[in-house]
$ cat work00.csv   # CSV, C-alpha atoms and all ligand atoms
chain,number,residue,atom,x,y,z
A,5,MET,CA,-43.1,82.3,-76.1
A,6,ALA,CA,-39.9,81.6,-78.0
A,7,GLY,CA,-38.9,85.2,-77.4
A,8,ALA,CA,-39.5,85.0,-73.7
A,9,PRO,CA,-37.0,83.9,-71.1
A,10,LEU,CA,-37.7,80.4,-69.8
A,11,THR,CA,-38.1,81.8,-66.3
A,12,ASP,CA,-41.0,83.9,-67.5
A,13,VAL,CA,-42.7,80.9,-69.1
A,14,LYS,CA,-42.2,78.8,-66.0
A,15,ALA,CA,-43.6,81.6,-63.8
A,16,ILE,CA,-46.9,80.9,-65.5
A,17,THR,CA,-46.8,77.2,-66.0
A,18,ASP,CA,-45.3,76.1,-62.7
A,19,PRO,CA,-48.1,77.3,-60.5
A,20,LEU,CA,-50.5,75.4,-62.8
A,21,GLY,CA,-48.7,72.2,-61.8
A,22,TYR,CA,-47.1,71.9,-65.3
A,23,LYS,CA,-43.5,71.9,-63.9
A,24,ILE,CA,-41.5,70.1,-66.6
A,25,ARG,CA,-44.1,71.0,-69.3
A,26,GLY,CA,-43.1,74.7,-69.0
A,27,ASP,CA,-39.6,73.6,-70.1
A,28,TRP,CA,-41.0,71.5,-72.9
A,29,LEU,CA,-43.3,74.2,-74.1
A,30,HIS,CA,-40.5,76.7,-74.3
A,31,GLY,CA,-38.3,74.2,-76.0
A,32,ALA,CA,-41.0,73.4,-78.5
A,33,ALA,CA,-41.6,77.1,-79.2
A,34,LEU,CA,-37.9,77.6,-79.9
A,35,HIS,CA,-37.9,74.6,-82.2
A,36,VAL,CA,-40.8,76.0,-84.2
A,37,ALA,CA,-39.3,79.5,-84.3
A,38,ASP,CA,-36.1,78.0,-85.6
A,39,ARG,CA,-38.2,76.5,-88.5
A,40,GLY,CA,-39.5,79.9,-89.4
A,41,GLY,CA,-42.6,79.6,-87.3
A,42,VAL,CA,-43.9,76.6,-89.2
A,43,PHE,CA,-45.6,74.1,-86.8
A,44,PRO,CA,-44.8,70.4,-87.6
A,45,GLU,CA,-47.5,68.5,-89.5
A,46,THR,CA,-46.1,65.0,-89.5
A,47,ILE,CA,-45.8,62.5,-86.6
A,48,ASP,CA,-42.0,62.3,-87.1
A,49,GLU,CA,-41.6,66.0,-87.0
A,50,LEU,CA,-43.9,66.4,-84.0
A,51,ARG,CA,-41.9,63.8,-82.1
A,52,ARG,CA,-38.8,65.9,-82.4
A,53,LEU,CA,-40.4,68.5,-80.2
A,54,PRO,CA,-39.4,68.3,-76.5
A,55,GLY,CA,-41.9,66.4,-74.4
A,56,VAL,CA,-43.9,65.1,-77.4
A,57,GLY,CA,-44.3,61.3,-77.5
A,58,ARG,CA,-46.4,59.0,-79.5
A,59,TYR,CA,-49.6,59.8,-77.8
A,60,THR,CA,-49.3,63.6,-78.0
A,61,ALA,CA,-48.1,63.5,-81.6
A,62,GLY,CA,-51.1,61.4,-82.6
A,63,ALA,CA,-53.5,63.7,-80.7
A,64,VAL,CA,-52.1,66.8,-82.3
A,65,MET,CA,-52.3,65.2,-85.8
A,66,ASN,CA,-55.9,64.3,-85.1
A,67,PHE,CA,-57.3,67.1,-83.1
A,68,ALA,CA,-55.4,70.0,-84.7
A,69,HIS,CA,-54.9,68.8,-88.2
A,70,HIS,CA,-57.7,66.2,-88.6
A,71,ARG,CA,-55.3,63.7,-90.1
A,72,ASP,CA,-55.4,59.9,-89.7
A,73,ALA,CA,-53.3,58.9,-86.7
A,74,PRO,CA,-53.8,56.6,-83.8
A,75,VAL,CA,-54.6,58.1,-80.4
A,76,LEU,CA,-54.2,55.5,-77.7
A,77,ASP,CA,-55.3,57.0,-74.4
A,78,THR,CA,-56.2,54.9,-71.4
A,79,ASN,CA,-59.9,54.5,-72.4
A,80,VAL,CA,-59.2,53.6,-76.0
A,81,ALA,CA,-56.5,51.1,-74.9
A,82,ARG,CA,-59.0,49.4,-72.6
A,83,LEU,CA,-61.7,49.3,-75.2
A,84,LEU,CA,-59.4,47.8,-77.9
A,85,ARG,CA,-57.9,45.3,-75.4
A,86,ARG,CA,-61.3,44.0,-74.5
A,87,HIS,CA,-62.8,44.1,-78.0
A,88,PHE,CA,-59.9,42.3,-79.7
A,89,GLY,CA,-59.0,40.1,-76.7
A,90,VAL,CA,-55.4,41.5,-76.6
A,91,ALA,CA,-53.4,39.7,-74.0
A,92,GLY,CA,-49.8,38.8,-73.2
A,93,PRO,CA,-46.8,40.7,-71.8
A,94,ALA,CA,-47.2,44.5,-71.3
A,95,ARG,CA,-44.7,45.6,-73.9
A,96,ALA,CA,-46.1,43.3,-76.6
A,97,ARG,CA,-49.6,44.2,-75.7
A,98,THR,CA,-48.9,47.9,-76.0
A,99,ARG,CA,-47.3,47.4,-79.4
A,100,GLN,CA,-50.3,45.4,-80.5
A,101,LEU,CA,-52.7,48.1,-79.2
A,102,TRP,CA,-50.9,50.8,-81.1
A,103,ASP,CA,-51.1,48.7,-84.3
A,104,LEU,CA,-54.8,48.1,-83.7
A,105,ALA,CA,-55.4,51.8,-83.0
A,106,SER,CA,-53.9,52.5,-86.5
A,107,THR,CA,-55.7,49.8,-88.4
A,108,VAL,CA,-59.2,50.5,-87.1
A,109,ILE,CA,-59.1,54.0,-88.7
A,110,PRO,CA,-60.9,54.0,-92.1
A,111,LYS,CA,-59.0,56.2,-94.5
A,112,GLY,CA,-59.8,59.9,-94.0
A,113,LYS,CA,-61.9,59.2,-90.8
A,114,GLY,CA,-59.2,59.4,-88.2
A,115,TYR,CA,-60.7,62.4,-86.4
A,116,LEU,CA,-64.2,60.9,-86.2
A,117,ILE,CA,-63.2,57.3,-85.3
A,118,ASN,CA,-60.9,58.5,-82.5
A,119,GLN,CA,-63.6,60.8,-81.1
A,120,ALA,CA,-66.0,57.8,-81.1
A,121,LEU,CA,-63.4,55.4,-79.6
A,122,MET,CA,-62.6,57.9,-76.8
A,123,ASP,CA,-66.3,58.5,-76.0
A,124,ILE,CA,-67.2,54.8,-76.0
A,125,GLY,CA,-64.1,54.0,-73.9
A,126,ALA,CA,-65.0,56.7,-71.4
A,127,VAL,CA,-68.7,56.2,-70.9
A,128,ILE,CA,-69.5,52.7,-72.1
A,129,CYS,CA,-66.5,50.5,-71.9
A,130,ARG,CA,-65.8,51.6,-68.4
A,131,ALA,CA,-63.0,50.1,-66.3
A,132,ARG,CA,-65.0,48.5,-63.5
A,133,THR,CA,-68.5,48.2,-65.1
A,134,PRO,CA,-68.5,48.1,-68.9
A,135,ARG,CA,-72.0,48.7,-70.2
A,136,CYS,CA,-71.9,46.1,-72.9
A,137,HIS,CA,-75.6,45.9,-73.2
A,138,VAL,CA,-75.6,49.4,-74.8
A,139,CYS,CA,-72.3,49.2,-76.6
A,140,PRO,CA,-72.4,49.6,-80.4
A,141,LEU,CA,-69.4,47.2,-80.7
A,142,ARG,CA,-70.9,44.4,-78.7
A,143,ARG,CA,-71.6,42.1,-81.6
A,144,SER,CA,-67.9,42.0,-82.7
A,145,CYS,CA,-66.4,42.1,-79.2
A,146,VAL,CA,-64.7,39.1,-77.8
A,147,PHE,CA,-64.9,40.3,-74.2
A,148,ARG,CA,-67.3,38.3,-72.1
A,149,PRO,CA,-68.4,40.4,-69.1
A,150,GLU,CA,-70.5,37.5,-67.6
A,151,GLU,CA,-67.3,35.5,-67.4
A,152,SER,CA,-65.4,38.2,-65.6
A,153,GLY,CA,-68.2,39.1,-63.3
A,154,ARG,CA,-68.4,42.6,-64.7
A,155,GLY,CA,-70.6,44.5,-67.0
A,156,GLN,CA,-74.0,43.8,-65.6
A,157,LYS,CA,-74.1,46.1,-62.6
A,158,THR,CA,-74.9,49.4,-64.3
A,159,PRO,CA,-78.5,50.1,-65.5
A,160,ALA,CA,-78.8,51.5,-69.1
A,201,LIG,S1,-69.0,45.1,-75.7
A,201,LIG,FE1,-68.4,45.6,-73.6
A,201,LIG,S2,-66.2,45.1,-73.4
A,201,LIG,FE2,-66.7,45.1,-75.6
A,201,LIG,S3,-66.1,47.2,-76.3
A,201,LIG,FE3,-68.3,47.3,-75.7
A,201,LIG,S4,-68.4,47.9,-73.6
A,201,LIG,FE4,-66.3,47.2,-74.0
$ encode --input "work00.csv" --output "structure tokens"
Amino acid sequence: MAGAPLTDVKAITDPLGYKIRGDWLHGAALHVADRGGVFPETIDELRRLPGVGRYTAGAVMNFAHHRDAPVLDTNVARLLRRHFGVAGPARARTRQLWDLASTVIPKGKGYLINQALMDIGAVICRARTPRCHVCPLRRSCVFRPEESGRGQKTPA
């Protein structure tokens, strides 16, 4: 990709709906090629790639390198917010959620714990109808679905 003109890359990525991502991919390929073809393996190095933010860097560290790093997608953020009762202004809340996403990872278990959090967030701690009655985290969770009027509508 680094050897290809950007127009060739975008001819493939644009029709897929990845407009700006074509630019980022090409820029990242050039960055990696400049480093002798060595792909970054730290969060800081990954974030120097075009288009790579905190979430993507953490995801690559986890999914590609199986290293301990927080991955705060929408589902995990909702789960952590409910479980730990995170409240307050959006910016402070986001910061706290990232901190929690780091601290809940037992050493060396980042890949497994993130897979579990994403699965629980997607299929159990659902946005509208959390299934607290089947949730493995229910004993330590501060969320009270009965007080919010949610969580009891979905059968097991
Ligand atoms: S107990 Fe309910 S609110 Fe708490 S993490 Fe599980 S599904 Fe989410």
$ residues_near_ligand --input "work00.csv" --ligand "ligand LIG 201 (chain A)" --cutoff "10 Å" --atoms "only C-alpha atoms and all ligand atoms" --output "ChimeraX atom specification"
/A:79-80,82-89,121,124-131,133-149,154-156
$ residues_near_point --input "work00.csv" --point "(-44.7, 71.3, -75.1)" --cutoff "10 Å" --atoms "all atoms listed in the file" --output "PyMOL selection string"
chain A and resi 24-33+53-56+60
$ residues_around --input "work00.csv" --residues "region 105-112 of chain A" --least-positions-apart "4" --cutoff "9 Å" --atoms "all atoms listed in the file" --output "list in words"
His70, Arg71, Asp72, Ala73, Pro74, Val75, Leu76, Val80, Ala81, Leu84, Gln100, Leu101, Leu116, Ile117 and Asn118 of chain A
$ closest_residue --input "work00.csv" --among "A:Thr78, A:Gly40, A:Glu45, A:Asp18" --to "Gly62 (chain A)" --atoms "only C-alpha atoms"
A:Glu45
$ closest_residue --input "work00.csv" --among "A:Met122, A:Met65, A:Leu34, A:Val42" --to "Asp77 (chain A)" --atoms "only C-alpha atoms"
A:Met122
$ build_atoms --input "work00.csv" --residues "region 105-116 of chain A" --atoms "all heavy atoms" --output "PDB file, keeping the file's coordinate frame"
ATOM      1  N   ALA A 105     -54.902  50.463 -83.008  1.00  0.00           N
ATOM      2  CA  ALA A 105     -55.400  51.800 -83.000  1.00  0.00           C
ATOM      3  C   ALA A 105     -55.184  52.479 -84.402  1.00  0.00           C
ATOM      4  O   ALA A 105     -55.932  53.370 -84.799  1.00  0.00           O
ATOM      5  CB  ALA A 105     -54.748  52.667 -81.930  1.00  0.00           C
ATOM      6  N   SER A 106     -54.165  51.998 -85.125  1.00  0.00           N
ATOM      7  CA  SER A 106     -53.900  52.500 -86.500  1.00  0.00           C
ATOM      8  C   SER A 106     -54.845  51.818 -87.479  1.00  0.00           C
ATOM      9  O   SER A 106     -55.456  52.479 -88.327  1.00  0.00           O
ATOM     10  CB  SER A 106     -52.485  52.215 -86.913  1.00  0.00           C
ATOM     11  OG  SER A 106     -51.585  52.973 -86.177  1.00  0.00           O
ATOM     12  N   THR A 107     -54.952  50.502 -87.350  1.00  0.00           N
ATOM     13  CA  THR A 107     -55.700  49.800 -88.400  1.00  0.00           C
ATOM     14  C   THR A 107     -57.186  49.928 -88.316  1.00  0.00           C
ATOM     15  O   THR A 107     -57.864  49.689 -89.304  1.00  0.00           O
ATOM     16  CB  THR A 107     -55.315  48.261 -88.341  1.00  0.00           C
ATOM     17  OG1 THR A 107     -55.600  47.762 -87.021  1.00  0.00           O
ATOM     18  CG2 THR A 107     -53.867  48.018 -88.669  1.00  0.00           C
ATOM     19  N   VAL A 108     -57.716  50.335 -87.179  1.00  0.00           N
ATOM     20  CA  VAL A 108     -59.200  50.500 -87.100  1.00  0.00           C
ATOM     21  C   VAL A 108     -59.645  51.828 -87.721  1.00  0.00           C
ATOM     22  O   VAL A 108     -60.845  52.072 -87.802  1.00  0.00           O
ATOM     23  CB  VAL A 108     -59.709  50.432 -85.641  1.00  0.00           C
ATOM     24  CG1 VAL A 108     -59.446  49.071 -85.035  1.00  0.00           C
ATOM     25  CG2 VAL A 108     -59.133  51.543 -84.781  1.00  0.00           C
ATOM     26  N   ILE A 109     -58.700  52.654 -88.166  1.00  0.00           N
ATOM     27  CA  ILE A 109     -59.100  54.000 -88.700  1.00  0.00           C
ATOM     28  C   ILE A 109     -59.374  53.811 -90.225  1.00  0.00           C
ATOM     29  O   ILE A 109     -58.469  53.536 -91.006  1.00  0.00           O
ATOM     30  CB  ILE A 109     -57.967  54.997 -88.530  1.00  0.00           C
ATOM     31  CG1 ILE A 109     -57.716  55.235 -87.041  1.00  0.00           C
ATOM     32  CG2 ILE A 109     -58.330  56.299 -89.229  1.00  0.00           C
ATOM     33  CD1 ILE A 109     -56.550  56.172 -86.759  1.00  0.00           C
ATOM     34  N   PRO A 110     -60.629  53.993 -90.630  1.00  0.00           N
ATOM     35  CA  PRO A 110     -60.900  54.000 -92.100  1.00  0.00           C
ATOM     36  C   PRO A 110     -60.240  55.251 -92.688  1.00  0.00           C
ATOM     37  O   PRO A 110     -60.169  56.296 -92.042  1.00  0.00           O
ATOM     38  CB  PRO A 110     -62.434  54.133 -92.150  1.00  0.00           C
ATOM     39  CG  PRO A 110     -62.938  53.867 -90.771  1.00  0.00           C
ATOM     40  CD  PRO A 110     -61.838  54.227 -89.834  1.00  0.00           C
ATOM     41  N   LYS A 111     -59.747  55.116 -93.907  1.00  0.00           N
ATOM     42  CA  LYS A 111     -59.000  56.200 -94.500  1.00  0.00           C
ATOM     43  C   LYS A 111     -59.812  57.522 -94.501  1.00  0.00           C
ATOM     44  O   LYS A 111     -60.981  57.548 -94.908  1.00  0.00           O
ATOM     45  CB  LYS A 111     -58.677  55.829 -95.988  1.00  0.00           C
ATOM     46  CG  LYS A 111     -57.662  56.719 -96.645  1.00  0.00           C
ATOM     47  CD  LYS A 111     -57.203  56.104 -97.960  1.00  0.00           C
ATOM     48  CE  LYS A 111     -56.354  57.050 -98.788  1.00  0.00           C
ATOM     49  NZ  LYS A 111     -55.332  57.778 -98.084  1.00  0.00           N
ATOM     50  N   GLY A 112     -59.183  58.553 -94.001  1.00  0.00           N
ATOM     51  CA  GLY A 112     -59.800  59.900 -94.000  1.00  0.00           C
ATOM     52  C   GLY A 112     -60.779  60.076 -92.815  1.00  0.00           C
ATOM     53  O   GLY A 112     -61.402  61.136 -92.708  1.00  0.00           O
ATOM     54  N   LYS A 113     -60.917  59.080 -91.939  1.00  0.00           N
ATOM     55  CA  LYS A 113     -61.900  59.200 -90.800  1.00  0.00           C
ATOM     56  C   LYS A 113     -61.238  59.177 -89.471  1.00  0.00           C
ATOM     57  O   LYS A 113     -61.893  58.890 -88.471  1.00  0.00           O
ATOM     58  CB  LYS A 113     -62.883  57.993 -90.919  1.00  0.00           C
ATOM     59  CG  LYS A 113     -63.623  57.873 -92.228  1.00  0.00           C
ATOM     60  CD  LYS A 113     -64.720  58.897 -92.323  1.00  0.00           C
ATOM     61  CE  LYS A 113     -65.575  58.663 -93.562  1.00  0.00           C
ATOM     62  NZ  LYS A 113     -66.454  59.802 -93.846  1.00  0.00           N
ATOM     63  N   GLY A 114     -59.956  59.482 -89.428  1.00  0.00           N
ATOM     64  CA  GLY A 114     -59.200  59.400 -88.200  1.00  0.00           C
ATOM     65  C   GLY A 114     -59.843  60.241 -87.052  1.00  0.00           C
ATOM     66  O   GLY A 114     -59.980  59.790 -85.916  1.00  0.00           O
ATOM     67  N   TYR A 115     -60.189  61.469 -87.391  1.00  0.00           N
ATOM     68  CA  TYR A 115     -60.700  62.400 -86.400  1.00  0.00           C
ATOM     69  C   TYR A 115     -62.027  61.775 -85.780  1.00  0.00           C
ATOM     70  O   TYR A 115     -62.191  61.664 -84.563  1.00  0.00           O
ATOM     71  CB  TYR A 115     -60.979  63.751 -86.935  1.00  0.00           C
ATOM     72  CG  TYR A 115     -61.554  64.713 -85.926  1.00  0.00           C
ATOM     73  CD1 TYR A 115     -60.738  65.275 -84.942  1.00  0.00           C
ATOM     74  CD2 TYR A 115     -62.900  65.054 -85.950  1.00  0.00           C
ATOM     75  CE1 TYR A 115     -61.258  66.157 -84.005  1.00  0.00           C
ATOM     76  CE2 TYR A 115     -63.429  65.932 -85.018  1.00  0.00           C
ATOM     77  CZ  TYR A 115     -62.603  66.482 -84.046  1.00  0.00           C
ATOM     78  OH  TYR A 115     -63.133  67.337 -83.117  1.00  0.00           O
ATOM     79  N   LEU A 116     -62.928  61.372 -86.669  1.00  0.00           N
ATOM     80  CA  LEU A 116     -64.200  60.900 -86.200  1.00  0.00           C
ATOM     81  C   LEU A 116     -64.085  59.566 -85.422  1.00  0.00           C
ATOM     82  O   LEU A 116     -64.689  59.400 -84.356  1.00  0.00           O
ATOM     83  CB  LEU A 116     -65.165  60.632 -87.405  1.00  0.00           C
ATOM     84  CG  LEU A 116     -65.742  61.883 -88.043  1.00  0.00           C
ATOM     85  CD1 LEU A 116     -66.570  61.527 -89.265  1.00  0.00           C
ATOM     86  CD2 LEU A 116     -66.589  62.650 -87.036  1.00  0.00           C
TER      87      LEU A 116
END
